[in-house]
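Note sheet for the following structure.
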Amino acid sequence: MNFGFSEEQELLRAEVRKFLDQNCPLEEVRKLSETPQGFSRSYWDRFAELGWVGLGVPEVHGGIGLGWVDLVVVLEETGRTLFPSPLIATSLASAAIQAAGSEAQQARWLPGIADGSLIGTLAHLEDSDVLGCAGVELLARRDADAFLLTGGKHMVLDAANADLFVVPFKSGAGEEDISLAVIERATAGLDVEPAGSIDVTQRQGRLRLDGVRVETDAILGEPGGAAPLFERLLDCGAVAITAEAIGASEAALELTASYAKQRVQFDQPIGRFQGVKHPLAEMYVDIESFKSLLYYAAWALDNLPEEASLAASRAKAYASEAFPRIGIDTVGLHGGIGYTWEYDAHLYLKRAKWCRPTFGDADYHYERVARLGGI
Amino acid sequence: MNFGFSEEQELLRAEVRKFLDQNCPLEEVRKLSETPQGFSRSYWDRFAELGWVGLGVPEVHGGIGLGWVDLVVVLEETGRTLFPSPLIATSLASAAIQAAGSEAQQARWLPGIADGSLIGTLAHLEDSDVLGCAGVELLARRDADAFLLTGGKHMVLDAANADLFVVPFKSGAGEEDISLAVIERATAGLDVEPAGSIDVTQRQGRLRLDGVRVETDAILGEPGGAAPLFERLLDCGAVAITAEAIGASEAALELTASYAKQRVQFDQPIGRFQGVKHPLAEMYVDIESFKSLLYYAAWALDNLPEEASLAASRAKAYASEAFPRIGIDTVGLHGGIGYTWEYDAHLYLKRAKWCRPTFGDADYHYERVARLGGI
Amino acid sequence: MDFNLEPEEEAFRAEVCAFLDENLVPDGERTAEFMAEWSRKVRERRWVGFSWPADVGGGGGSLMQQVILKDEMAKRKAPPLGSCFMGLAWVGPGIIQYGTEEQKQKFIPDILDGTYQWCTGYSEPDSGSDLASLKTRCVREGDEYVVNGQKIWTSIAMWSKWMILLVRTSTNVEVKHDGITCLLVEMDTPGITVRPIKNMSGGSIFAEVFFDDVRVPVENRLGVEGQGWQVTVSALANERSGIAEVHGLVRTLSDVKELARSCRRGGRPASQDPGIRRRIASADTRIEAMRLNGMRFLTKQLKGEPVGSESSVNKLHRALLEIELGELALEIQGSRGALDGESALDGGRWQKFSLNWPEVVIGGGTPNIQRNIIAERILGLPKD
Amino acid sequence: MDFNLEPEEEAFRAEVCAFLDENLVPDGERTAEFMAEWSRKVRERRWVGFSWPADVGGGGGSLMQQVILKDEMAKRKAPPLGSCFMGLAWVGPGIIQYGTEEQKQKFIPDILDGTYQWCTGYSEPDSGSDLASLKTRCVREGDEYVVNGQKIWTSIAMWSKWMILLVRTSTNVEVKHDGITCLLVEMDTPGITVRPIKNMSGGSIFAEVFFDDVRVPVENRLGVEGQGWQVTVSALANERSGIAEVHGLVRTLSDVKELARSCRRGGRPASQDPGIRRRIASADTRIEAMRLNGMRFLTKQLKGEPVGSESSVNKLHRALLEIELGELALEIQGSRGALDGESALDGGRWQKFSLNWPEVVIGGGTPNIQRNIIAERILGLPKD
């Protein structure tokens with residue numbers, strides 16, 4: 001029994017942290033957020049070189065062949081500095097291809113993912129905004145062996161930057177008719193429209209499909225058999241988002257605690273007042289708790305798939321509830337300074353607001369916890 | 001515009017308070033709670049003599065002819081000292097007879113109510129535990145002009161002490177088939193079974209009806225036309241319970257604040273720590289707020305019936321949420337002493353737990369606020 | 001207890017309604033010409049500064065009449081009465097109470113006419129919640145005060161012609177509240193530098209204001225030297241009616257309800273989601289509690305009883321509601337709550353709203369300060 | 001990260017399971033004879049005091065084995081290992097760490113055998129959260145200490161033969177933590193009076209204990225004179241595994257779920273009420289967080305890293321969950337939640353449960369104390 005990270009993982013964490021601290025502190029993040037693409041190709045390439053983009057990609061395809069727990073280590077650090085990159089989106093596309101792609105499909109896309117040249121994403125939501133298989137309404141028309149897709153997906157992570165889109169669609173009415181297609185950016189009929197984000201370090205957009213032709217060799221696994229994989233990808237998404245939330249929350253807590261130690265009012269550091277001290281303690285309690293839940297969920301993704309959905313929902317539910325509260329307290333306990341653009345507090349609050357609904361909010365996940373927990 | 005009490009009402013308050021402080025402080029309440037009937041006939045008779053039982057009964061029938069705002073004044077005081085009496089139950093029965101009783105019915109029952117000799121109650125709930133007309137499942141059999149009732153009611157306030165039961169029943173499937181009967185204790189087929197209460201100062205029980213014969217002259221108003229009155233009586237019940245909750249909460253807050261001023265730990269009165277001070281401030285905020293809501297609801301019962309349901313639901317919803325929290329903090333902020341039988345803190349907590357579901361809990365009333373508020 | 005109006009109050013309400021019927025156009029149709037005309041008319045009726053004494057140009061309205069006037073204006077979403085927000089809120093009342101005859105003549109008409117804006121120089125970098133610890137230095141030299149120091153969180157300093165300013169004229173005092181003096185300062189006085197602060201929702205309402213040997217004529221002192229704290233406290237007391245805030249919250253909640261009807265969550269309208277319904281009902285209930293709390297305080301005022309710390313009850317409610325309604329509005333939108341700008345619902349109105357609470361929550365004294373006020377002044381608990 | 005067990009740990013788990021398969025009967029069927037037999041058998045296996053060194057009669061079990069043992073026991077709702085609760089929890093560990101050879105021989109076997117109960121004399125009327133301010137006087141006279149004073153909230157004092165007692169042997173100290181001494185006192189010593197305290201749910205677990213010239217032989221002192229605080233702190237550190245508490249909460253939650261299935265609210269099973277479902281899921285999630293937090297702390301302990309204040313995280317969760325689950329269980333019952341005793345569901349089990357939280361919430365250090373510990377010791381904020 002060992003609920004901790006290995007030495008290799010701790011080393012990985014230290015390396016990622018060092019890289020980010022040296023190259024992309026928050027001033028740099030702010031600058032990147034003002035560019036249209038929102039991230040830096042050169043950092044991305046370095047990330048790939050260091051093996052962090054292809055962390056989960058099998059070694060034969062140019063990756064390192066590690067698991068979700070290792071990715072969590074990286075994501076905690078990217079979350080801590082709000083590092084903007086298509087890492088989560090690409091990891092989800094990569095996970096889909098790894099899980100169900102044929103040898104040929106893996107060989108076609110995974111090396112590019114691992115070396116940073118192909119940015120991937122998962123187009124998991126439609127206008128109904130219903131998560132999961134029930135929300136897949138994109139209905140394919142059959143054209144000989146191929147499928148023709150016309151419709152849209154919204155809230156697609158890093159849509160405008162992506163080269164590969166993993167797109168769930170239906171070829172019939174039921175869950176047994178759901179397939180996942182990998183569609184390349186240059187495909188005819190595919191169009192992307194970027195959308196604004198409450199968290200300026202994030203990019204997302206709408207995907208439009210107008211008679212996009214999907215050949216059999218672009219379908220992952222058996223046509224119609226993708227429902228379980230799609231649900232698993234949503235769990236992966238919830239885990240990845242929550243991993244970044246841990247890092248961001250911890251950074252917010254550090255910022256606030258250190259302010260509370262130095263800010264003097266009524267001749268005392270405000271951190272001496274229980275009205276400040278106790279909310280900070282609650283932040284800590286919440287972070288430690290959803291951290292434990294998240295680590296376990298990541299471990300379950302790798303080792304105990306039958307428990308992964310419940311574990312992921314618990315982690316995301318707790319984080320979706322706690323992180324926005326942490327963001328609000330971070331701004332609020334600072335007083336006026338916390339409300340200014342120059343100060344960093346609001347960056348965490350905005351991440352929290354962005355994070356909450358992404359891959360399911362607390363209402364969604366608590367309901368799922370209830371259902372999976374047998375009531 | 002005057003959202004305050006009149007001089008007469010302030011005088012009434014002072015008199016009730018003086019009577020209760022002199023005659024029935026909490027030690028006395030504790031003693032009464034150990035008796036089977038749970039209240040004192042002699043205090044009840046004095047209450048009646050002083051006009052406080054017949055407060056709402058018209059003068060021609062021996063009462064004072066005042067309204068719900070006046071009754072609230074009395075109930076805040078009885079709540080403050082947790083005075084045990086069938087005042088709320090009797091007031092509800094009395095309100096039913098006043099509102100829909102014929103001249104003969106009023107003359108038959110109201111004078112006895114006003115002089116304290118008849119204790120009344122409202123049997124508003126059945127085993128389904130559904131509040132309102134939808135919960136009335138007691139189906140009458142017709143026997144010539146009379147109705148025969150067989151069934152039960154539960155959670156009947158002061159059931160074992162009551163002489164008169166106001167009983168809603170159905171003679172058909174719809175809301176237009178609901179009637180209210182006044183059934184006297186001695187009626188054949190009527191039986192009462194007392195039930196234990198989490199709040200030892202309260203009495204309630206189950207009413208069993210086994211072929212109870214209700215003649216036309218025991219029906220209030222037109223047979224089948226009682227639905228609006230029944231809903232109003234439930235609003236009256238919610239208002240009455242909440243009025244007592246104000247008094248009890250204020251007493252709990254006083255007890256806790258005064259303890260926080262004198263209890264010294266870490267060389268300070270604990271009331272200096274914001275961890276104690278702020279919850280006390282929140283108690284005050286809550287009490288003032290549901291107090292305002294309740295006063296307005298009582299005023300609406302008397303003066304603006306079309307707003308009374310929404311107003312009553314807001315007051316009861318807020319109180320049902322806040323009062324138990326106040327009770328818990330009252331015990332918790334005291335530390336060990338608050339947990340002892342001898343100390344009074346738990347009496348308020350138990351009242352809060354009793355009060356919460358009675359005449360509808362926060363879930364019920366907030367849902368009603370949403371519905372009446374147009375969503 | 002009586003929520004009905006007296007006959008003469010009803011008459012006043014009828015007068016207000018008649019005026020509004022005749023003169024107000026719907027929200028979308030209010031042109032610049034309309035606004036100019038509106039300002040002229042309400043000024044003519046003395047509804048600007050309606051509660052101020054008639055001899056300074058105010059309306060001499062009673063407390064109850066003010067409530068009626070504000071109530072009817074809010075119901076129809078009428079434009080504000082007068083445009084000099086802080087002048088009308090507390091600078092004017094402060095000058096009326098503490099000012100010299102000359103000061104009244106010089107400033108009050110312009111405040112009523114909305115000729116220019118006032119700003120308020122209270123907070124300093126090291127004096128936020130603990131306002132009385134302020135340090136901006138002020139030394140008298142002959143007929144002038146010389147001011148050096150810095151203010152921060154000064155709303156609309158960049159658009160104001162005058163500032164009401166708190167400075168420290170003496171450090172040799174037993175309690176820090178003494179030794180503070182209140183000055184009226186023209187913003188184009190040499191030595192004043194204004195630097196706008198960009199806030200987290202992207203706008204700029206606040207500014208830093210720097211004072212470098214700023215010379216203020218002694219006749220621009222408001223009240224007695226060293227008693228600026230009292231001037232401030234009684235001026236700020238005018239801020240506390242709380243009725244306008246309830247109207248604002250009512251309007252926001254009604255928009256949130258509309259939002260819940262139009263957004264789908266988990267495949268059905270958000271307004272059918274029991275959790276959302278519960279949260280809306282809870283907000284509705286607390287807003288109604290604020291309205292009624294306000295009426296209870298008003299009743300006390302009408303009876304001539306002092307109303308002080310009770311206003312912290314509504315301030316606390318308001319702070320929490322501003323935060324909660326912003327969260328609720330985003331959560332109702334599901335994953336679209338993560339959008340912003342043109343991509344978002346209503347052009348990102350709710351995203352912006354959900355980031356604007358600090359203006360209210362921090363600006364008017366933090367929730368912790370309000371809790372302290374209640375605990376110490378009302379419940380009598382020991383001071384921190 | 002690896003939640004699987006090592007082979008030798010799996011072997012130990014198999015051993016435990018085999019024992020339980022063979023010896024345990026279901027909860028309802030445990031007669032007095034069974035319990036006596038059970039106690040004998042687990043004592044024989046050295047599973048009582050399983051973590052204590054073998055040379056004092058303990059099991060010498062590793063940390064991980066303890067967890068496995070407790071885990072399997074809890075899963076089958078087995079009776080506790082040993083009956084001398086406080087003796088096993090902290091008195092024994094304290095004696096093992098600080099006791100003399102004589103003390104070990106005198107007390108440890110009886111604790112393991114459950115021959116009698118120990119109680120804990122820490123809190124005083126004026127020293128609750130601020131335990132170190134205790135004042136019970138203690139003067140040495142020759143070979144005896146003479147104790148005068150009062151303790152309160154002493155669990156099971158009325159059923160105990162011995163007490164571990166903190167007294168003040170010196171007031172002439174710089175910090176109040178010094179000058180405290182730890183004594184082991186036989187409860188039938190002349191001068192001791194025990195008065196049970198009836199608690200709000202009607203039972204009596206606590207007592208007041210009065211000391212009137214109580215003479216305690218010097219050889220019954222535990223540790224050095226004046227260093228009783230250290231003895232106490234390290235003894236209490238043994239209380240902190242937190243695993244048993246999680247098992248208790250899991251069991252309670254599972255009963256609450258069952259309750260929700262069987263009760264109707266507003267015409268349907270409470271388990272279909274979205275608000276109730278949400279609250280159950282939130283409790284479930286926090287309990288799972290506690291379990292996993294515990295495993296993270298355990299991992300640190302296994303690696304030999306110090307685990308201290310983190311345990312306050314789970315203590316806070318537990319305190320709030322004990323309160324919330326009680327409230328939830330009553331609310332699920334609708335108006336029947338207001339009943340009690342025979343009239344109530346399950347004979348009033350949930351009513352009693354909903355009034356028992358102070359035992360946990362106040363007993364183990366109030367939530368505010370836990371928040372202070374986290375803020376000060378982990379986050380480094382200044383002390384109150």
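Letters A, B, ... mark the chains of the structure tokens in the order given; residue numbers begin at 1 per chain; ligand numbers begin at 1, in order shown.
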Residue list for chain D near chain B as an mmCIF file with C-alpha atoms, in the first residue's frame, 8 Å, only C-alpha atoms:
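Below is the file that was written, selection.cif:
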```cif
data_model
loop_
_atom_site.group_PDB
_atom_site.id
_atom_site.type_symbol
_atom_site.label_atom_id
_atom_site.label_comp_id
_atom_site.auth_asym_id
_atom_site.auth_seq_id
_atom_site.Cartn_x
_atom_site.Cartn_y
_atom_site.Cartn_z
ATOM 1 C CA ASP D 126 -12.242 26.577 33.519
ATOM 2 C CA SER D 127 -9.949 24.630 31.211
ATOM 3 C CA GLY D 128 -11.713 23.200 28.198
ATOM 4 C CA SER D 129 -10.231 24.127 24.853
ATOM 5 C CA ASP D 130 -7.424 25.787 26.796
ATOM 6 C CA SER D 133 -4.528 26.362 31.880
ATOM 7 C CA TRP D 153 -16.169 15.813 31.188
ATOM 8 C CA ILE D 197 -23.354 14.333 34.262
ATOM 9 C CA LYS D 198 -26.596 13.659 32.434
ATOM 10 C CA ASN D 199 -26.255 14.733 28.830
ATOM 11 C CA MET D 200 -28.855 16.202 26.521
ATOM 12 C CA SER D 201 -29.739 12.934 24.842
ATOM 13 C CA GLY D 202 -30.594 11.514 28.263
ATOM 14 C CA ARG D 264 -41.561 8.881 1.842
ATOM 15 C CA ARG D 265 -41.237 12.636 1.483
ATOM 16 C CA GLY D 266 -43.801 14.667 -0.405
ATOM 17 C CA GLY D 267 -45.360 11.499 -1.801
ATOM 18 C CA GLU D 331 -35.088 15.625 7.615
ATOM 19 C CA GLY D 334 -40.362 14.537 7.278
ATOM 20 C CA SER D 335 -42.660 15.465 10.119
ATOM 21 C CA ARG D 336 -41.930 12.118 11.795
ATOM 22 C CA GLY D 337 -38.503 13.561 12.544
ATOM 23 C CA ALA D 338 -40.227 15.510 15.333
ATOM 24 C CA LEU D 339 -41.210 12.308 17.123
ATOM 25 C CA ASP D 340 -39.115 10.417 19.642
ATOM 26 C CA GLY D 341 -38.927 7.161 21.549
ATOM 27 C CA GLU D 342 -41.236 4.307 20.634
ATOM 28 C CA SER D 343 -43.330 6.508 18.348
ATOM 29 C CA ALA D 344 -40.323 7.345 16.208
ATOM 30 C CA GLN D 351 -33.260 11.368 17.166
ATOM 31 C CA PRO D 358 -21.291 17.037 20.871
ATOM 32 C CA VAL D 361 -17.500 17.586 18.097
ATOM 33 C CA ILE D 362 -16.657 19.083 21.459
ATOM 34 C CA GLY D 363 -14.810 16.162 23.004
ATOM 35 C CA THR D 366 -13.781 21.916 18.868
ATOM 36 C CA ASN D 368 -12.475 26.122 15.906
#
```
Exercise: Leu220 (chain A) partners within 7 Å, only C-alpha atoms, chain neighbours under 6 positions left out, as a list in words: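 Surrounding residues, per the criterion: Ile97, Ala100, Gly101, Leu180 and Ala181 of chain A.
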Selection above as a file: N, CA, C and O atoms, as a compact mmCIF listing (two decimals), in the first residue's frame:
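Below you can see result_7.txt, which holds the result:
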```
# COMPACT_ATOMS: atom_id res chain seq x y z
N ILE A 97 -7.17 7.45 -28.90
CA ILE A 97 -6.47 6.70 -29.95
C ILE A 97 -5.73 5.51 -29.35
O ILE A 97 -5.73 4.41 -29.90
N ALA A 100 -8.45 2.68 -28.36
CA ALA A 100 -9.27 1.97 -29.35
C ALA A 100 -8.71 2.02 -30.75
O ALA A 100 -9.26 1.39 -31.66
N GLY A 101 -7.62 2.75 -30.95
CA GLY A 101 -7.09 2.86 -32.30
C GLY A 101 -6.41 1.56 -32.76
O GLY A 101 -5.79 0.85 -31.96
N LEU A 180 -16.61 6.82 -32.35
CA LEU A 180 -15.69 7.94 -32.22
C LEU A 180 -14.88 8.05 -33.52
O LEU A 180 -14.26 7.08 -33.95
N ALA A 181 -14.93 9.23 -34.12
CA ALA A 181 -14.15 9.45 -35.34
C ALA A 181 -12.98 10.36 -35.02
O ALA A 181 -13.09 11.25 -34.18
```
Would you list, as a PyMOL selection string, the residues of region 149-310 of chain B that end up in alpha helix (DSSP H) under DSSP run on this structure's backbone? chain B and resi 227-262+274-303+305-310
Interface, chain C side, toward chain D (12 Å; only C-alpha atoms) as a CSV table (one decimal) with N, CA, C and O atoms, in the first residue's frame:
```csv
chain,number,residue,atom,x,y,z
C,272,GLN,N,-36.6,24.2,-14.0
C,272,GLN,CA,-37.3,22.9,-13.5
C,272,GLN,C,-36.3,22.1,-12.7
C,272,GLN,O,-36.7,21.1,-12.2
C,273,ASP,N,-35.1,22.6,-12.5
C,273,ASP,CA,-34.1,21.8,-11.7
C,273,ASP,C,-34.4,22.2,-10.3
C,273,ASP,O,-34.3,23.3,-9.9
C,274,PRO,N,-34.7,21.2,-9.5
C,274,PRO,CA,-35.0,21.5,-8.1
C,274,PRO,C,-34.0,22.2,-7.3
C,274,PRO,O,-34.3,23.1,-6.5
C,275,GLY,N,-32.7,21.9,-7.6
C,275,GLY,CA,-31.6,22.6,-6.9
C,275,GLY,C,-31.6,24.1,-7.2
C,275,GLY,O,-31.4,25.0,-6.4
C,276,ILE,N,-31.8,24.4,-8.5
C,276,ILE,CA,-31.8,25.8,-9.0
C,276,ILE,C,-33.0,26.5,-8.4
C,276,ILE,O,-32.9,27.6,-7.9
C,277,ARG,N,-34.1,25.8,-8.4
C,277,ARG,CA,-35.4,26.4,-7.8
C,277,ARG,C,-35.2,26.7,-6.4
C,277,ARG,O,-35.5,27.8,-5.9
C,278,ARG,N,-34.5,25.8,-5.6
C,278,ARG,CA,-34.3,26.1,-4.2
C,278,ARG,C,-33.4,27.3,-4.0
C,278,ARG,O,-33.7,28.1,-3.1
C,279,ARG,N,-32.4,27.4,-4.8
C,279,ARG,CA,-31.5,28.5,-4.6
C,279,ARG,C,-32.1,29.8,-5.0
C,279,ARG,O,-31.9,30.9,-4.4
C,384,ASP,N,-12.4,43.1,19.3
C,384,ASP,CA,-11.2,42.3,18.9
C,384,ASP,C,-10.0,42.7,19.6
C,384,ASP,O,-9.7,43.9,19.8
```
For CA of His177 (chain C) and CA of Trp229 (chain C), the interatomic separation in Å (one decimal):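 For CA of His177 (chain C) relative to CA of Trp229 (chain C), the distance reads 6.1 Å.
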